[in-house]
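What follows is the content of data_12.txt, which has compact mmCIF, C-alpha atoms (C1' of nucleotides):
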```txt
# COMPACT_ATOMS: atom_id res chain seq x y z
CA MET A 20 68.74 124.24 101.40
CA PRO A 21 72.12 122.55 101.51
CA ASP A 22 72.60 122.56 105.24
CA THR A 23 71.24 123.56 108.57
CA PRO A 24 74.31 123.06 110.68
CA SER A 25 73.37 121.62 114.04
CA ARG A 26 76.72 122.61 115.48
CA PRO A 27 79.24 125.38 114.94
CA PRO A 28 81.40 124.66 111.89
CA LEU A 29 85.06 123.83 112.30
CA ARG A 30 87.11 126.56 110.71
CA LEU A 31 90.51 125.03 110.24
CA ARG A 32 92.14 128.42 109.81
CA GLU A 33 90.94 129.44 113.24
CA PHE A 34 91.80 126.15 114.86
CA LEU A 35 94.67 126.76 117.26
CA PRO A 36 96.55 123.47 116.90
CA TYR A 37 96.46 123.89 113.14
CA ARG A 38 97.64 127.48 113.21
CA LEU A 39 100.42 126.67 115.62
CA SER A 40 101.55 123.87 113.38
CA VAL A 41 101.57 126.01 110.25
CA LEU A 42 103.43 128.80 111.99
CA SER A 43 106.00 126.54 113.55
CA ASN A 44 106.62 124.68 110.30
CA THR A 45 107.00 127.90 108.37
CA ILE A 46 109.59 129.19 110.80
CA SER A 47 111.44 125.89 111.03
CA ARG A 48 111.62 125.52 107.29
CA ARG A 49 112.87 129.04 106.92
CA ILE A 50 115.61 128.54 109.47
CA ALA A 51 116.62 125.15 108.12
CA GLU A 52 116.98 126.72 104.71
CA ILE A 53 119.37 129.33 106.06
CA TYR A 54 121.62 126.76 107.70
CA ASP A 55 121.68 124.66 104.61
CA ARG A 56 122.29 127.47 102.16
CA GLU A 57 124.83 129.35 104.24
CA PHE A 58 126.67 126.57 105.98
CA GLY A 59 125.64 123.26 104.46
CA LEU A 60 124.37 122.06 107.82
CA THR A 61 121.10 120.51 108.82
CA ILE A 62 119.37 122.03 111.77
CA TRP A 63 120.23 118.93 113.80
CA GLN A 64 123.88 119.23 112.90
CA TRP A 65 123.92 122.85 113.86
CA ARG A 66 122.34 122.14 117.20
CA ALA A 67 124.80 119.35 117.95
CA MET A 68 127.66 121.59 116.94
CA ALA A 69 126.44 124.50 119.00
CA VAL A 70 126.25 122.52 122.23
CA THR A 71 129.57 120.83 121.56
CA GLY A 72 131.22 124.20 121.05
CA ASP A 73 129.61 125.30 124.25
CA THR A 74 130.60 122.20 126.19
CA PRO A 75 133.68 120.45 124.74
CA GLY A 76 133.94 116.80 125.64
CA ILE A 77 130.17 116.40 125.77
CA SER A 78 128.76 112.94 125.03
CA ALA A 79 126.16 112.10 122.41
CA THR A 80 123.61 111.34 125.10
CA GLU A 81 124.19 114.70 126.72
CA ILE A 82 123.77 116.41 123.37
CA GLY A 83 120.42 114.70 123.12
CA GLN A 84 119.39 115.95 126.54
CA ARG A 85 120.44 119.49 125.78
CA THR A 86 118.75 119.69 122.38
CA ALA A 87 115.70 117.44 122.75
CA MET A 88 116.98 115.28 119.91
CA ASP A 89 116.59 111.52 120.17
CA LYS A 90 119.71 109.41 120.19
CA VAL A 91 119.36 108.29 116.60
CA ALA A 92 119.16 111.88 115.41
CA VAL A 93 122.21 112.75 117.49
CA SER A 94 124.11 109.78 116.14
CA ARG A 95 123.40 110.78 112.58
CA ALA A 96 124.13 114.46 113.12
CA VAL A 97 127.44 113.68 114.80
CA ALA A 98 128.40 111.23 112.07
CA GLY A 99 127.76 113.91 109.48
CA LEU A 100 129.75 116.50 111.37
CA ILE A 101 132.71 114.14 111.71
CA GLU A 102 132.44 113.45 108.00
CA LEU A 103 132.54 117.19 107.37
CA GLY A 104 135.60 117.48 109.56
CA TYR A 105 133.93 119.71 112.13
CA LEU A 106 133.86 117.29 115.05
CA GLU A 107 136.18 114.64 116.41
CA ARG A 108 135.53 111.80 118.76
CA LYS A 109 137.77 110.67 121.61
CA ALA A 110 137.25 107.60 123.72
CA SER A 111 136.17 108.31 127.27
CA GLU A 112 138.79 107.09 129.78
CA ASP A 113 136.32 106.02 132.40
CA ASP A 114 133.53 104.55 130.26
CA GLY A 115 134.24 102.54 127.16
CA ARG A 116 130.74 103.02 125.76
CA ARG A 117 130.95 106.77 125.69
CA SER A 118 132.82 109.06 123.36
CA LYS A 119 133.76 112.60 124.14
CA LEU A 120 133.16 115.05 121.34
CA TYR A 121 135.24 118.08 120.43
CA LEU A 122 135.24 120.66 117.69
CA THR A 123 138.16 120.30 115.33
CA ARG A 124 140.18 123.39 114.41
CA THR A 125 137.92 123.84 111.41
CA GLY A 126 134.84 123.20 113.48
CA GLN A 127 136.03 125.73 116.02
CA SER A 128 136.34 128.43 113.39
CA VAL A 129 132.83 127.61 112.18
CA TYR A 130 131.57 127.82 115.71
CA GLU A 131 133.28 131.12 116.39
CA GLU A 132 132.61 132.88 113.12
CA ILE A 133 129.67 131.35 111.33
CA VAL A 134 127.44 130.08 114.10
CA PRO A 135 127.04 133.47 115.78
CA MET A 136 126.00 134.78 112.40
CA ALA A 137 123.37 132.06 112.23
CA MET A 138 122.08 133.02 115.61
CA SER A 139 121.69 136.61 114.55
CA GLU A 140 119.81 135.46 111.46
CA GLU A 141 117.48 133.54 113.67
CA LYS A 142 117.16 136.62 115.79
CA LEU A 143 115.93 138.63 112.82
CA LEU A 144 112.85 136.49 112.76
CA THR A 145 112.01 136.94 116.38
CA ASP A 146 112.94 140.61 116.47
CA VAL A 147 109.53 141.54 115.13
CA LEU A 148 108.39 141.03 118.69
CA SER A 149 109.39 143.37 121.48
CA ALA A 150 110.98 141.93 124.57
CA SER A 151 107.75 142.20 126.48
CA GLU A 152 105.80 140.59 123.65
CA ARG A 153 108.27 137.73 123.60
CA ALA A 154 107.90 137.36 127.34
CA GLU A 155 104.13 137.35 127.03
CA LEU A 156 104.25 134.81 124.23
CA GLU A 157 106.49 132.59 126.32
CA ARG A 158 104.08 132.83 129.19
CA LEU A 159 101.12 131.87 127.02
CA MET A 160 103.05 129.03 125.46
CA GLU A 161 104.00 127.84 128.90
CA LYS A 162 100.33 127.66 129.79
CA LEU A 163 99.47 125.81 126.60
CA ALA A 164 102.35 123.42 127.11
CA GLY A 165 100.96 122.58 130.51
CA ALA A 166 97.54 121.97 129.02
CA ALA A 167 98.99 119.75 126.31
CA SER A 168 101.28 117.73 128.54
CA PRO A 169 100.85 113.98 128.19
CA GLU A 170 100.01 113.47 131.87
CA ARG A 171 96.79 115.30 131.27
CA PRO A 172 93.80 113.06 130.52
CA LEU A 173 92.35 113.35 127.06
CA TRP A 174 88.75 114.26 127.46
CA MET B 7 132.25 112.28 137.78
CA PRO B 8 133.00 114.81 135.05
CA ASP B 9 130.83 117.88 135.07
CA THR B 10 130.05 120.62 132.60
CA PRO B 11 132.03 123.84 132.80
CA SER B 12 130.27 126.94 134.12
CA ARG B 13 130.45 129.01 130.95
CA PRO B 14 127.22 130.43 129.51
CA PRO B 15 125.38 127.56 127.83
CA LEU B 16 123.59 127.76 124.52
CA ARG B 17 120.09 128.62 125.57
CA LEU B 18 118.35 126.45 123.05
CA ARG B 19 115.49 125.82 125.41
CA GLU B 20 114.78 129.52 125.62
CA PHE B 21 114.98 130.03 121.92
CA LEU B 22 111.56 130.87 120.54
CA PRO B 23 111.52 128.94 117.25
CA TYR B 24 112.74 125.89 119.08
CA ARG B 25 110.15 126.16 121.83
CA LEU B 26 107.41 126.83 119.36
CA SER B 27 108.39 123.71 117.49
CA VAL B 28 108.36 121.60 120.65
CA LEU B 29 104.97 122.94 121.71
CA SER B 30 103.42 122.52 118.31
CA ASN B 31 104.77 119.00 117.96
CA THR B 32 103.49 118.05 121.39
CA ILE B 33 100.01 119.28 120.56
CA SER B 34 100.01 117.84 117.04
CA ARG B 35 101.20 114.45 118.18
CA ARG B 36 98.55 114.40 120.86
CA ILE B 37 95.79 115.20 118.39
CA ALA B 38 97.17 112.97 115.65
CA GLU B 39 97.07 110.11 118.09
CA ILE B 40 93.37 110.68 118.68
CA TYR B 41 92.54 110.80 114.98
CA ASP B 42 94.55 107.68 114.36
CA ARG B 43 93.22 105.70 117.28
CA GLU B 44 89.58 106.71 116.87
CA PHE B 45 89.25 106.87 113.11
CA GLY B 46 92.43 105.56 111.51
CA LEU B 47 93.16 108.93 109.95
CA THR B 48 96.41 110.80 109.52
CA ILE B 49 96.41 114.45 110.36
CA TRP B 50 96.61 115.28 106.64
CA GLN B 51 93.62 113.11 105.92
CA TRP B 52 91.72 114.73 108.73
CA ARG B 53 92.51 118.19 107.43
CA ALA B 54 91.44 117.31 103.91
CA MET B 55 88.27 115.88 105.35
CA ALA B 56 87.61 118.91 107.50
CA VAL B 57 87.72 121.36 104.61
CA THR B 58 85.74 119.03 102.38
CA GLY B 59 83.08 118.75 105.03
CA ASP B 60 83.08 122.48 105.31
CA THR B 61 83.05 123.08 101.55
CA PRO B 62 81.55 120.17 99.60
CA GLY B 63 82.65 120.01 95.97
CA ILE B 64 86.06 121.50 96.75
CA SER B 65 88.95 120.60 94.45
CA ALA B 66 92.28 119.12 95.51
CA THR B 67 94.08 122.34 94.69
CA GLU B 68 91.68 124.31 96.83
CA ILE B 69 92.20 121.88 99.68
CA GLY B 70 95.89 122.59 99.40
CA GLN B 71 95.31 126.32 99.56
CA ARG B 72 93.01 126.06 102.53
CA THR B 73 95.23 123.74 104.55
CA ALA B 74 98.77 124.76 103.56
CA MET B 75 99.37 121.25 102.27
CA ASP B 76 101.30 120.80 99.04
CA LYS B 77 99.57 119.10 96.13
CA VAL B 78 101.40 115.81 96.64
CA ALA B 79 100.27 115.62 100.23
CA VAL B 80 96.71 116.44 99.20
CA SER B 81 96.77 113.83 96.48
CA ARG B 82 97.92 111.17 98.91
CA ALA B 83 95.49 112.19 101.65
CA VAL B 84 92.55 112.19 99.24
CA ALA B 85 93.56 108.84 97.77
CA GLY B 86 93.64 107.38 101.27
CA LEU B 87 90.26 108.84 102.16
CA ILE B 88 88.67 107.45 99.01
CA GLU B 89 90.24 104.10 99.83
CA LEU B 90 88.68 104.31 103.30
CA GLY B 91 85.33 105.14 101.74
CA TYR B 92 85.13 108.56 103.37
CA LEU B 93 85.41 110.68 100.23
CA GLU B 94 84.18 110.40 96.69
CA ARG B 95 85.34 112.11 93.58
CA LYS B 96 83.12 113.50 90.85
CA ALA B 97 84.32 114.89 87.55
CA SER B 98 83.99 118.61 87.19
CA GLU B 99 81.56 119.50 84.40
CA ASP B 100 83.46 122.53 83.23
CA ASP B 101 87.07 121.39 83.65
CA GLY B 102 88.17 117.86 82.88
CA ARG B 103 91.35 118.16 84.91
CA ARG B 104 89.57 118.89 88.13
CA SER B 105 87.60 116.65 90.40
CA LYS B 106 85.05 117.78 92.89
CA LEU B 107 85.26 116.09 96.25
CA TYR B 108 82.43 115.13 98.59
CA LEU B 109 82.07 113.29 101.84
CA THR B 110 80.34 109.95 101.47
CA ARG B 111 77.57 109.03 103.86
CA THR B 112 80.15 107.24 106.01
CA GLY B 113 82.54 110.13 105.71
CA GLN B 114 79.81 112.50 106.76
CA SER B 115 79.13 110.55 109.91
CA VAL B 116 82.82 110.38 110.75
CA TYR B 117 83.02 114.09 110.16
CA GLU B 118 80.06 114.71 112.45
CA GLU B 119 81.70 112.63 115.11
CA ILE B 120 85.23 113.88 114.80
CA VAL B 121 84.55 117.60 114.66
CA PRO B 122 83.14 117.88 118.17
CA MET B 123 86.03 115.79 119.45
CA ALA B 124 88.58 118.03 117.79
CA MET B 125 86.83 121.10 119.05
CA SER B 126 86.57 119.85 122.57
CA GLU B 127 90.23 118.94 122.51
CA GLU B 128 91.01 122.44 121.34
CA LYS B 129 88.78 123.82 124.04
CA LEU B 130 90.73 121.93 126.67
CA LEU B 131 93.82 123.65 125.41
CA THR B 132 92.48 127.13 124.98
CA ASP B 133 90.47 127.09 128.17
CA VAL B 134 93.67 127.55 130.11
CA LEU B 135 93.81 131.00 128.51
CA SER B 136 91.43 133.86 129.17
CA ALA B 137 89.68 135.51 126.24
CA SER B 138 92.13 138.39 126.23
CA GLU B 139 95.06 136.03 126.44
CA ARG B 140 93.74 134.13 123.45
CA ALA B 141 93.40 137.37 121.53
CA GLU B 142 96.91 138.37 122.45
CA LEU B 143 98.25 134.99 121.39
CA GLU B 144 96.54 135.38 118.04
CA ARG B 145 98.08 138.78 117.58
CA LEU B 146 101.59 137.61 118.42
CA MET B 147 101.30 134.58 116.17
CA GLU B 148 100.13 136.86 113.39
CA LYS B 149 103.23 138.96 113.79
CA LEU B 150 105.54 135.98 113.77
CA ALA B 151 103.79 134.53 110.75
CA GLY B 152 104.42 137.77 108.89
CA ALA B 153 108.07 137.77 109.89
CA ALA B 154 108.51 134.18 108.74
CA SER B 155 106.67 134.52 105.47
CA PRO B 156 108.84 133.63 102.49
CA GLU B 157 108.28 136.97 100.77
CA ARG B 158 110.18 138.69 103.51
CA PRO B 159 113.85 139.19 102.68
CA LEU B 160 116.21 138.25 105.44
CA TRP B 161 118.37 141.31 105.39
C1' DC C 12 92.73 126.76 63.96
C1' DT C 13 97.04 125.16 66.01
C1' DA C 14 101.03 124.87 68.73
C1' DA C 15 103.08 126.44 72.91
C1' DA C 16 102.37 127.33 77.60
C1' DT C 17 99.83 126.57 81.79
C1' DT C 18 97.28 124.01 85.19
C1' DA C 19 95.32 119.82 87.93
C1' DG C 20 96.65 116.00 89.69
C1' DT C 21 99.57 111.56 89.96
C1' DT C 22 103.69 108.86 90.08
C1' DT C 23 108.53 108.22 90.77
C1' DC C 24 112.64 108.62 93.13
C1' DA C 25 115.72 110.04 96.57
C1' DT C 26 116.08 111.49 101.31
C1' DA C 27 114.51 112.06 106.16
C1' DT C 28 112.81 110.24 110.18
C1' DG C 29 111.13 107.09 113.93
C1' DT C 30 110.94 102.48 115.96
C1' DA C 31 112.96 98.56 117.01
C1' DA C 32 116.68 95.44 116.95
C1' DC C 33 121.31 95.12 117.79
C1' DT C 34 126.46 95.40 119.73
C1' DA C 35 129.40 96.48 123.25
C1' DA C 36 130.45 98.13 127.76
C1' DT C 37 129.02 98.85 132.53
C1' DT C 38 126.42 98.16 136.73
C1' DG C 39 124.02 95.49 140.06
C1' DA C 40 122.30 91.59 142.42
C1' DT C 41 123.28 87.41 144.38
C1' DA D 23 132.78 85.96 140.51
C1' DT D 24 128.85 85.46 137.54
C1' DC D 25 125.00 86.59 135.12
C1' DA D 26 120.89 89.47 134.45
C1' DA D 27 119.71 94.23 133.68
C1' DT D 28 120.94 98.72 132.10
C1' DT D 29 123.14 102.16 129.22
C1' DA D 30 125.73 104.34 125.03
C1' DG D 31 125.54 104.37 120.59
C1' DT D 32 124.80 102.27 115.78
C1' DT D 33 122.39 99.85 112.24
C1' DA D 34 118.34 98.15 109.82
C1' DC D 35 113.89 98.55 108.33
C1' DA D 36 109.64 100.61 107.34
C1' DT D 37 107.22 104.83 106.49
C1' DA D 38 106.85 109.85 105.48
C1' DT D 39 107.96 113.58 102.75
C1' DG D 40 109.43 116.79 98.98
C1' DA D 41 111.21 117.70 94.36
C1' DA D 42 110.84 116.77 89.91
C1' DA D 43 109.11 114.21 86.04
C1' DC D 44 105.03 112.96 84.03
C1' DT D 45 99.95 112.68 81.96
C1' DA D 46 96.01 114.81 80.60
C1' DA D 47 93.07 118.79 80.02
C1' DT D 48 92.75 123.72 79.23
C1' DT D 49 94.11 128.27 77.94
C1' DT D 50 96.61 131.53 75.23
C1' DA D 51 99.33 133.54 71.42
C1' DG D 52 99.65 134.24 66.75
```

Please go through the file and, once you have read it, give me the structure as structure tokens.
Amino acid sequence: MPDTPSRPPLRLREFLPYRLSVLSNTISRRIAEIYDREFGLTIWQWRAMAVTGDTPGISATEIGQRTAMDKVAVSRAVAGLIELGYLERKASEDDGRRSKLYLTRTGQSVYEEIVPMAMSEEKLLTDVLSASERAELERLMEKLAGAASPERPLW
Amino acid sequence: MPDTPSRPPLRLREFLPYRLSVLSNTISRRIAEIYDREFGLTIWQWRAMAVTGDTPGISATEIGQRTAMDKVAVSRAVAGLIELGYLERKASEDDGRRSKLYLTRTGQSVYEEIVPMAMSEEKLLTDVLSASERAELERLMEKLAGAASPERPLW
DNA sequence: CTAAATTAGTTTCATATGTAACTAATTGAT
DNA sequence: ATCAATTAGTTACATATGAAACTAATTTAG
């Protein structure tokens, strides 16, 4: 007579926040591994590079806004990319605190040749879903995101 | 003021792995905050506790299998829980390397208290979805999990 | 039986990450 | 014009995390 549960048991495997976390971490780890193995980039570096290639002259703060990285993460990613010779920094004429970031020639070739390959690798993961399934998933995630937003009271 | 050019931007915000990660982190942080504030537990500690409460006498290795935590994380979580007086360790009769883990009386009461909280928090989240939407979400997550599983070759 | 191989779990070390403190430049209020 | 407040970005510090080395117990091969 070990137990007479007075409430439904918590099954971690069926617990949505847990499952979301495991799924997201699995995917993130997988993708990070690809960037590292193929290009020697962290996922943060790749994101910073991708938006800089897309918007030359972008500032670190703007990179943060576009990628949801905090400013410390951006600072470190950019420093690493400059170290690798993929990015260069130019002083902004109108604001001495800002720098404008550009791909170097090398960085440009990475952006044009290697980064699209990375995006197609990422696509392989999500291609198991049809377009309509992806749309549906996005819709459901949208709803959950609303429910989880910090403005919402806790209990 | 300088503005961004009107070329097609990198649509990071629409990219599924990225959005999944943001959603999962939002939810996890929200829940982790509750565990920490209410009970002084990390999310890893809570997970170890949840499966121990569900399966008394479980071993550390089994906790890892049930929660997708690696053995180092389990070891640290369990050590912390013993320190807090929530778990106790008993030697396994048949295998001297193993320990069997149990909730203490205190741990049991925390478990009793925390489980309904966790479940009601989950309910707040999932209640924004209808039953069929929840089922569909499960199905889509299943598919993605399969696509992201490490056994799957990338090409 | 005995030595090699395996397994459970811990510790160590190196790296990653977040928060806060900090520097330098700009803006704003008076 | 001056000084407080704000902003861009970096550095420092404390903690989290993962890989690998390690200890101890068990299993397996011969």

For this session: Identify which of the residues D:DA47, D:DT32, D:DA27, D:DA38 lies closest to chain B, counting all atoms listed in the file when measuring atom-to-atom distances.
Result: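 Nearest candidate to chain B out of D:DA47, D:DT32, D:DA27, D:DA38: D:DA47.
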
Chain B in the frame of chain A after Cα least-squares fit, as a CSV table (one decimal) with C-alpha atoms, in the frame of the given file:
```
chain,number,residue,atom,x,y,z
B,7,MET,CA,78.0,125.7,91.8
B,8,PRO,CA,77.5,123.7,95.0
B,9,ASP,CA,78.3,125.6,98.2
B,10,THR,CA,78.9,124.6,101.8
B,11,PRO,CA,76.0,124.7,104.2
B,12,SER,CA,75.9,127.4,106.8
B,13,ARG,CA,76.2,125.3,109.9
B,14,PRO,CA,79.0,126.0,112.3
B,15,PRO,CA,82.3,124.8,110.8
B,16,LEU,CA,85.0,123.0,112.6
B,17,ARG,CA,87.2,125.8,113.7
B,18,LEU,CA,90.5,124.0,113.1
B,19,ARG,CA,92.2,127.2,112.1
B,20,GLU,CA,91.4,128.7,115.5
B,21,PHE,CA,92.5,125.7,117.4
B,22,LEU,CA,95.6,126.4,119.4
B,23,PRO,CA,97.6,123.2,119.0
B,24,TYR,CA,97.0,123.3,115.3
B,25,ARG,CA,98.0,126.9,114.9
B,26,LEU,CA,101.1,126.4,117.0
B,27,SER,CA,102.1,123.6,114.8
B,28,VAL,CA,101.6,125.7,111.7
B,29,LEU,CA,103.6,128.6,113.1
B,30,SER,CA,106.4,126.4,114.4
B,31,ASN,CA,106.7,124.5,111.1
B,32,THR,CA,106.7,127.8,109.1
B,33,ILE,CA,109.6,129.1,111.2
B,34,SER,CA,111.5,125.8,111.4
B,35,ARG,CA,111.2,125.3,107.6
B,36,ARG,CA,112.4,128.8,107.0
B,37,ILE,CA,115.5,128.3,109.3
B,38,ALA,CA,116.2,124.8,108.1
B,39,GLU,CA,116.3,126.1,104.6
B,40,ILE,CA,119.0,128.6,105.6
B,41,TYR,CA,121.1,125.9,107.3
B,42,ASP,CA,120.8,123.6,104.4
B,43,ARG,CA,121.5,126.2,101.7
B,44,GLU,CA,124.4,127.9,103.5
B,45,PHE,CA,126.1,125.0,105.2
B,46,GLY,CA,124.5,121.8,104.0
B,47,LEU,CA,123.2,121.0,107.5
B,48,THR,CA,120.0,119.5,108.7
B,49,ILE,CA,118.3,121.1,111.7
B,50,TRP,CA,119.3,118.2,113.9
B,51,GLN,CA,122.9,118.5,112.8
B,52,TRP,CA,122.9,122.2,113.5
B,53,ARG,CA,121.4,121.6,117.0
B,54,ALA,CA,124.0,119.0,117.8
B,55,MET,CA,126.7,121.4,116.5
B,56,ALA,CA,125.3,124.3,118.5
B,57,VAL,CA,125.5,122.5,121.9
B,58,THR,CA,128.9,121.0,121.0
B,59,GLY,CA,130.2,124.4,120.3
B,60,ASP,CA,128.7,125.6,123.5
B,61,THR,CA,130.0,122.7,125.5
B,62,PRO,CA,133.1,121.0,124.0
B,63,GLY,CA,133.6,117.4,125.1
B,64,ILE,CA,129.9,116.8,125.4
B,65,SER,CA,128.7,113.2,125.0
B,66,ALA,CA,126.0,112.1,122.6
B,67,THR,CA,123.6,111.3,125.4
B,68,GLU,CA,124.1,114.8,126.8
B,69,ILE,CA,123.4,116.3,123.4
B,70,GLY,CA,120.1,114.4,123.4
B,71,GLN,CA,119.2,115.8,126.8
B,72,ARG,CA,120.1,119.3,125.9
B,73,THR,CA,118.3,119.3,122.5
B,74,ALA,CA,115.3,117.0,123.2
B,75,MET,CA,116.6,114.7,120.4
B,76,ASP,CA,116.3,111.0,120.9
B,77,LYS,CA,119.6,109.0,120.9
B,78,VAL,CA,119.0,107.6,117.4
B,79,ALA,CA,118.6,111.1,116.0
B,80,VAL,CA,121.7,112.2,117.8
B,81,SER,CA,123.7,109.3,116.6
B,82,ARG,CA,122.7,110.0,113.0
B,83,ALA,CA,123.3,113.8,113.3
B,84,VAL,CA,126.8,113.2,114.8
B,85,ALA,CA,127.7,110.6,112.2
B,86,GLY,CA,126.8,113.1,109.5
B,87,LEU,CA,128.8,115.9,111.1
B,88,ILE,CA,131.8,113.7,111.4
B,89,GLU,CA,131.4,112.8,107.8
B,90,LEU,CA,131.3,116.5,106.9
B,91,GLY,CA,134.4,117.0,108.9
B,92,TYR,CA,132.7,119.4,111.4
B,93,LEU,CA,133.0,117.2,114.5
B,94,GLU,CA,135.5,114.8,115.9
B,95,ARG,CA,135.1,112.1,118.4
B,96,LYS,CA,137.6,111.2,121.2
B,97,ALA,CA,137.3,108.3,123.5
B,98,SER,CA,136.4,109.1,127.1
B,99,GLU,CA,139.3,108.2,129.4
B,100,ASP,CA,137.0,107.1,132.2
B,101,ASP,CA,134.2,105.4,130.3
B,102,GLY,CA,134.8,103.3,127.3
B,103,ARG,CA,131.2,103.5,126.1
B,104,ARG,CA,131.2,107.2,125.8
B,105,SER,CA,132.8,109.5,123.3
B,106,LYS,CA,133.6,113.1,123.8
B,107,LEU,CA,132.7,115.4,120.9
B,108,TYR,CA,134.5,118.4,119.7
B,109,LEU,CA,134.2,120.8,116.8
B,110,THR,CA,137.1,120.5,114.3
B,111,ARG,CA,138.8,123.6,113.1
B,112,THR,CA,136.4,123.7,110.1
B,113,GLY,CA,133.5,123.0,112.4
B,114,GLN,CA,134.5,125.8,114.6
B,115,SER,CA,134.6,128.3,111.8
B,116,VAL,CA,131.2,127.1,110.5
B,117,TYR,CA,129.9,127.5,114.1
B,118,GLU,CA,131.3,131.0,114.3
B,119,GLU,CA,129.6,131.9,111.0
B,120,ILE,CA,126.3,130.2,111.6
B,121,VAL,CA,125.6,131.4,115.1
B,122,PRO,CA,125.3,135.1,114.3
B,123,MET,CA,123.1,134.2,111.3
B,124,ALA,CA,120.8,132.1,113.5
B,125,MET,CA,120.7,134.8,116.1
B,126,SER,CA,120.0,137.5,113.6
B,127,GLU,CA,117.2,135.4,112.1
B,128,GLU,CA,115.8,135.0,115.5
B,129,LYS,CA,116.1,138.7,116.1
B,130,LEU,CA,114.1,139.4,113.0
B,131,LEU,CA,111.4,137.3,114.5
B,132,THR,CA,111.4,138.5,118.0
B,133,ASP,CA,111.9,142.2,117.1
B,134,VAL,CA,108.2,142.3,116.1
B,135,LEU,CA,107.5,141.8,119.8
B,136,SER,CA,108.3,144.3,122.6
B,137,ALA,CA,110.3,143.1,125.6
B,138,SER,CA,107.2,142.7,127.7
B,139,GLU,CA,105.5,140.8,124.9
B,140,ARG,CA,108.4,138.5,124.6
B,141,ALA,CA,108.3,137.9,128.4
B,142,GLU,CA,104.6,137.2,128.2
B,143,LEU,CA,105.1,134.7,125.3
B,144,GLU,CA,107.7,132.9,127.4
B,145,ARG,CA,105.4,132.6,130.3
B,146,LEU,CA,102.5,131.3,128.2
B,147,MET,CA,104.7,128.8,126.5
B,148,GLU,CA,106.0,127.7,129.8
B,149,LYS,CA,102.4,127.0,130.9
B,150,LEU,CA,101.5,125.1,127.8
B,151,ALA,CA,104.7,123.1,128.1
B,152,GLY,CA,103.8,122.0,131.6
B,153,ALA,CA,100.3,121.1,130.5
B,154,ALA,CA,101.6,119.0,127.6
B,155,SER,CA,104.4,117.3,129.6
B,156,PRO,CA,104.0,113.5,129.6
B,157,GLU,CA,103.9,113.2,133.3
B,158,ARG,CA,100.6,115.0,133.4
B,159,PRO,CA,97.7,112.6,133.5
B,160,LEU,CA,94.9,113.5,131.1
B,161,TRP,CA,92.0,113.2,133.4
```

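Put simply, CA of Ile37 (chain B) is 17.5 Å away from CA of Lys162 (chain A).
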
For this session: Up to 10 Å from chain C, what residues of chain A turn up? Count all atoms listed in the file and give them as a VMD selection string.
Result: chain A and resid 89 91 to 92 114 to 117

For this session: Step by step: start from the point (86.1, 114.3, 90.8) in the file's coordinates, keep every protein, DNA or RNA residue that has an atom no farther than 9 Å from it, count all atoms listed in the file, and write the set as a list of chain:residue names.
Result: B:Gly63, B:Ser65, B:Glu94, B:Arg95, B:Lys96, B:Ala97, B:Ser98, B:Gly102, B:Arg103, B:Arg104, B:Ser105, B:Lys106, B:Leu107, B:Tyr108

Exercise. For the point (98.9, 120.3, 116.1) in file coordinates, what residues are within 7 Å, counting all atoms listed in the file? Give the answer as a list in words?
Worked result: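 Final list of nearby residues, as requested, is Pro36, Tyr37, Leu39 and Ser40 of chain A; Ser30, Asn31, Ile33, Ser34, Arg35 and Ile37 of chain B.
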
Wanna dump the chain A-chain B contacts at 9 Å for me, each residue with its shortest atom pair and the distance in Å to one decimal, counting all atoms listed in the file, ordered by chain and number, as CSV?
```
residue,atom,partner,partner_atom,distance
A:Arg26,CA,B:Pro122,CA,8.4
A:Pro28,CA,B:Asp60,CA,7.1
A:Leu29,CA,B:Val121,CA,6.7
A:Arg30,CA,B:Asp60,CA,7.9
A:Leu31,CA,B:Val57,CA,7.3
A:Arg32,CA,B:Thr73,CA,7.7
A:Phe34,CA,B:Glu128,CA,7.5
A:Leu35,CA,B:Glu128,CA,7.0
A:Pro36,CA,B:Ile33,CA,6.6
A:Tyr37,CA,B:Ser34,CA,8.0
A:Arg38,CA,B:Met147,CA,8.5
A:Leu39,CA,B:Ser30,CA,5.8
A:Ser40,CA,B:Ser30,CA,5.4
A:Val41,CA,B:Ala74,CA,7.4
A:Leu42,CA,B:Ala151,CA,5.9
A:Ser43,CA,B:Ser27,CA,5.4
A:Asn44,CA,B:Ser27,CA,7.5
A:Thr45,CA,B:Ala154,CA,6.5
A:Ile46,CA,B:Ala154,CA,5.5
A:Ser47,CA,B:Pro23,CA,6.9
A:Arg49,CA,B:Ala154,CA,7.0
A:Ile50,CA,B:Pro23,CA,8.8
A:Arg66,CA,B:Leu18,CA,8.3
A:Ala69,CA,B:Leu16,CA,7.0
A:Val70,CA,B:Leu16,CA,6.3
A:Asp73,CA,B:Pro15,CA,6.0
A:Thr74,CA,B:Thr10,CA,6.6
A:Pro75,CA,B:Thr10,CA,8.7
A:Gly76,CA,B:Thr10,CA,8.8
A:Ile77,CA,B:Thr10,CA,8.0
A:Arg85,CA,B:Leu18,CA,7.8
A:Thr86,CA,B:Leu18,CA,6.8
A:Ala87,CA,B:Val28,CA,8.7
A:Glu140,CA,B:Leu160,CA,7.5
A:Glu141,CA,B:Pro23,CA,8.3
A:Leu143,CA,B:Leu160,CA,7.4
A:Leu144,CA,B:Ala153,CA,5.7
A:Thr145,CA,B:Leu150,CA,7.0
A:Asp146,CA,B:Ala153,CA,8.7
A:Val147,CA,B:Ala153,CA,6.6
A:Leu148,CA,B:Lys149,CA,7.4
A:Glu152,CA,B:Leu146,CA,7.3
A:Arg153,CA,B:Leu22,CA,8.2
A:Glu155,CA,B:Leu143,CA,8.5
A:Leu156,CA,B:Leu143,CA,6.6
A:Glu157,CA,B:Leu22,CA,7.9
A:Leu159,CA,B:Leu143,CA,7.0
A:Met160,CA,B:Leu29,CA,7.4
A:Glu161,CA,B:Leu29,CA,8.8
A:Lys162,CA,B:Val134,CA,6.7
A:Leu163,CA,B:Leu131,CA,6.2
A:Ala164,CA,B:Leu29,CA,6.0
A:Gly165,CA,B:Val134,CA,8.8
A:Ala166,CA,B:Leu131,CA,5.4
A:Ala167,CA,B:Ile33,CA,5.9
A:Ser168,CA,B:Thr32,CA,7.5
A:Pro169,CA,B:Arg36,CA,7.7
A:Leu173,CA,B:Glu127,CA,7.5
A:Trp174,CA,B:Glu127,CA,7.0
```
